[in-house]
Amino acid sequence: MILFDQVSADIKSAMLAKDKVRLEALRNAKKYFLEAKTAPGANDTLTDEAALKILQKLVKQGKDSAQIYSEQNRPELAEAELAQVAVLETYLPKQMSAEELESELKKIIAEVGATGAQDMGKVMGRATKSLAGKAEGRVISETVKRLLS
């Protein structure tokens, strides 16, 4: 089942279960899915790859918002954000551990033939494509910098 249809079906089950947090998170995600589907040039389609990018963006925004709420001493709002993030994370692929990420990046560095920090662009280009959805871009970047220096 494609991700758009899965989210739509889960919205119905969240309504029946009266799960407000899950319902709100999924409706928000579906809103962004619909915007992407109806964007100029999208031809009323949404690939799973595009849907995953949207979900990753929403998860990152939710985590950032929760951090800001925590800094402003608003724990109830931070908890609400993190609850929605937890719902959305169930649709994302499992994130790689630090060890798995490092071994994959070492393979990519060897394939590209990178020798130092000047080759970071080549490594990042390949790494972001092959590890999309499996690790955050920031974490990939930090690990590549560490491995190349």
# chains A, B, ... in the order shown; residues from 1 in each chain; ligands from 1
>>> select_by_dssp(residues="stretch 30-94 of chain A", states="helix (DSSP H, G or I)", output="number ranges by chain")
A: 30-37, 48-71, 75-89
>>> residues_around(residues="stretch 43-51 of chain A", least_positions_apart="3", cutoff="12 Å", atoms="only C-alpha atoms", output="ChimeraX atom specification")
/A:1-7,29-40,54-58,88,91-93,129,132-133
>>> atom_distance(atom1="atom CA of A:Ala86", atom2="atom CA of A:Lys53")
16.2 Å
>>> residues_around(residues="A:Val21", least_positions_apart="3", cutoff="9 Å", atoms="only C-alpha atoms", output="list in words")
Ala14, Glu24, Ala25, Leu26, Ala80, Ala83, Gln84 and Val87 of chain A
>>> write_last_selection(atoms="all heavy atoms", output="JSON list (two decimals), in the first residue's frame")
[["chain", "number", "residue", "atom", "x", "y", "z"],
["A", 14, "ALA", "N", -8.04, 6.12, 13.37],
["A", 14, "ALA", "CA", -7.81, 7.02, 14.51],
["A", 14, "ALA", "C", -9.11, 7.71, 14.91],
["A", 14, "ALA", "O", -9.36, 7.93, 16.10],
["A", 14, "ALA", "CB", -6.75, 8.05, 14.16],
["A", 24, "GLU", "N", -4.74, 14.13, 14.74],
["A", 24, "GLU", "CA", -4.22, 15.46, 14.41],
["A", 24, "GLU", "C", -2.91, 15.35, 13.62],
["A", 24, "GLU", "O", -2.71, 16.06, 12.63],
["A", 24, "GLU", "CB", -4.00, 16.26, 15.69],
["A", 24, "GLU", "CG", -3.63, 17.70, 15.44],
["A", 24, "GLU", "CD", -3.50, 18.51, 16.72],
["A", 24, "GLU", "OE1", -4.00, 18.07, 17.77],
["A", 24, "GLU", "OE2", -2.88, 19.58, 16.64],
["A", 25, "ALA", "N", -2.01, 14.46, 14.05],
["A", 25, "ALA", "CA", -0.73, 14.29, 13.36],
["A", 25, "ALA", "C", -0.94, 13.81, 11.93],
["A", 25, "ALA", "O", -0.31, 14.32, 10.99],
["A", 25, "ALA", "CB", 0.15, 13.32, 14.13],
["A", 26, "LEU", "N", -1.82, 12.82, 11.75],
["A", 26, "LEU", "CA", -2.04, 12.27, 10.41],
["A", 26, "LEU", "C", -2.77, 13.24, 9.50],
["A", 26, "LEU", "O", -2.49, 13.31, 8.30],
["A", 26, "LEU", "CB", -2.80, 10.94, 10.52],
["A", 26, "LEU", "CG", -2.03, 9.82, 11.21],
["A", 26, "LEU", "CD1", -2.90, 8.58, 11.34],
["A", 26, "LEU", "CD2", -0.75, 9.50, 10.46],
["A", 80, "ALA", "N", 3.10, 17.72, 23.59],
["A", 80, "ALA", "CA", 2.15, 17.55, 22.50],
["A", 80, "ALA", "C", 2.87, 17.41, 21.16],
["A", 80, "ALA", "O", 2.51, 16.55, 20.34],
["A", 80, "ALA", "CB", 1.18, 18.74, 22.46],
["A", 83, "ALA", "N", 4.56, 14.01, 20.98],
["A", 83, "ALA", "CA", 3.58, 12.93, 20.79],
["A", 83, "ALA", "C", 3.22, 12.80, 19.30],
["A", 83, "ALA", "O", 3.13, 11.69, 18.77],
["A", 83, "ALA", "CB", 2.33, 13.21, 21.61],
["A", 84, "GLN", "N", 3.06, 13.95, 18.63],
["A", 84, "GLN", "CA", 2.77, 13.91, 17.19],
["A", 84, "GLN", "C", 3.97, 13.41, 16.40],
["A", 84, "GLN", "O", 3.83, 12.67, 15.43],
["A", 84, "GLN", "CB", 2.34, 15.28, 16.70],
["A", 84, "GLN", "CG", 0.96, 15.66, 17.21],
["A", 84, "GLN", "CD", 0.43, 16.91, 16.53],
["A", 84, "GLN", "OE1", 0.87, 17.29, 15.45],
["A", 84, "GLN", "NE2", -0.55, 17.53, 17.16],
["A", 87, "VAL", "N", 4.06, 9.68, 16.42],
["A", 87, "VAL", "CA", 3.10, 9.09, 15.49],
["A", 87, "VAL", "C", 3.69, 9.08, 14.07],
["A", 87, "VAL", "O", 3.65, 8.07, 13.38],
["A", 87, "VAL", "CB", 1.76, 9.87, 15.50],
["A", 87, "VAL", "CG1", 0.87, 9.43, 14.36],
["A", 87, "VAL", "CG2", 1.06, 9.70, 16.83]]
>>> residues_around(residues="A:Gly116", least_positions_apart="5", cutoff="9 Å", atoms="only C-alpha atoms", output="list of chain:residue names")
A:Lys145, A:Leu147, A:Leu148, A:Ser149
>>> write_last_selection(atoms="all heavy atoms", output="short mmCIF file (atom, residue, chain, number, x, y, z; two decimals), in the first residue's frame")
data_model
loop_
_atom_site.label_atom_id
_atom_site.label_comp_id
_atom_site.auth_asym_id
_atom_site.auth_seq_id
_atom_site.Cartn_x
_atom_site.Cartn_y
_atom_site.Cartn_z
N LYS A 145 32.47 14.62 7.99
CA LYS A 145 33.54 15.55 8.38
C LYS A 145 34.55 14.85 9.28
O LYS A 145 35.76 14.99 9.09
CB LYS A 145 32.95 16.75 9.14
CG LYS A 145 32.40 17.83 8.29
CD LYS A 145 31.88 18.98 9.14
CE LYS A 145 31.05 19.92 8.33
NZ LYS A 145 30.38 20.92 9.14
N LEU A 147 35.18 11.63 9.56
CA LEU A 147 35.92 10.57 8.86
C LEU A 147 36.96 11.13 7.89
O LEU A 147 38.00 10.50 7.67
CB LEU A 147 34.95 9.64 8.12
CG LEU A 147 34.06 8.77 8.98
CD1 LEU A 147 33.04 8.04 8.11
CD2 LEU A 147 34.87 7.78 9.79
N LEU A 148 36.68 12.29 7.30
CA LEU A 148 37.61 12.86 6.31
C LEU A 148 38.72 13.68 6.95
O LEU A 148 39.71 13.99 6.28
CB LEU A 148 36.85 13.71 5.30
CG LEU A 148 35.97 12.96 4.31
CD1 LEU A 148 35.24 13.91 3.39
CD2 LEU A 148 36.78 11.96 3.50
N SER A 149 38.57 14.05 8.20
CA SER A 149 39.64 14.88 8.80
C SER A 149 40.66 14.04 9.55
O SER A 149 40.55 12.88 9.75
CB SER A 149 39.04 15.91 9.75
OG SER A 149 38.29 15.28 10.76
#
>>> residues_around(residues="A:Lys63", least_positions_apart="6", cutoff="8 Å", atoms="only C-alpha atoms", output="PyMOL selection string")
chain A and resi 81-82+85
>>> write_last_selection(atoms="N, CA, C and O atoms", output="short mmCIF file (atom, residue, chain, number, x, y, z; two decimals), in the first residue's frame")
data_model
loop_
_atom_site.label_atom_id
_atom_site.label_comp_id
_atom_site.auth_asym_id
_atom_site.auth_seq_id
_atom_site.Cartn_x
_atom_site.Cartn_y
_atom_site.Cartn_z
N GLU A 81 3.89 18.23 20.94
CA GLU A 81 4.67 18.14 19.69
C GLU A 81 5.36 16.79 19.58
O GLU A 81 5.34 16.14 18.54
N LEU A 82 5.99 16.36 20.68
CA LEU A 82 6.73 15.09 20.65
C LEU A 82 5.79 13.90 20.47
O LEU A 82 6.17 12.89 19.87
N VAL A 85 5.17 13.80 16.82
CA VAL A 85 6.39 13.32 16.16
C VAL A 85 6.46 11.80 16.25
O VAL A 85 6.79 11.12 15.28
#
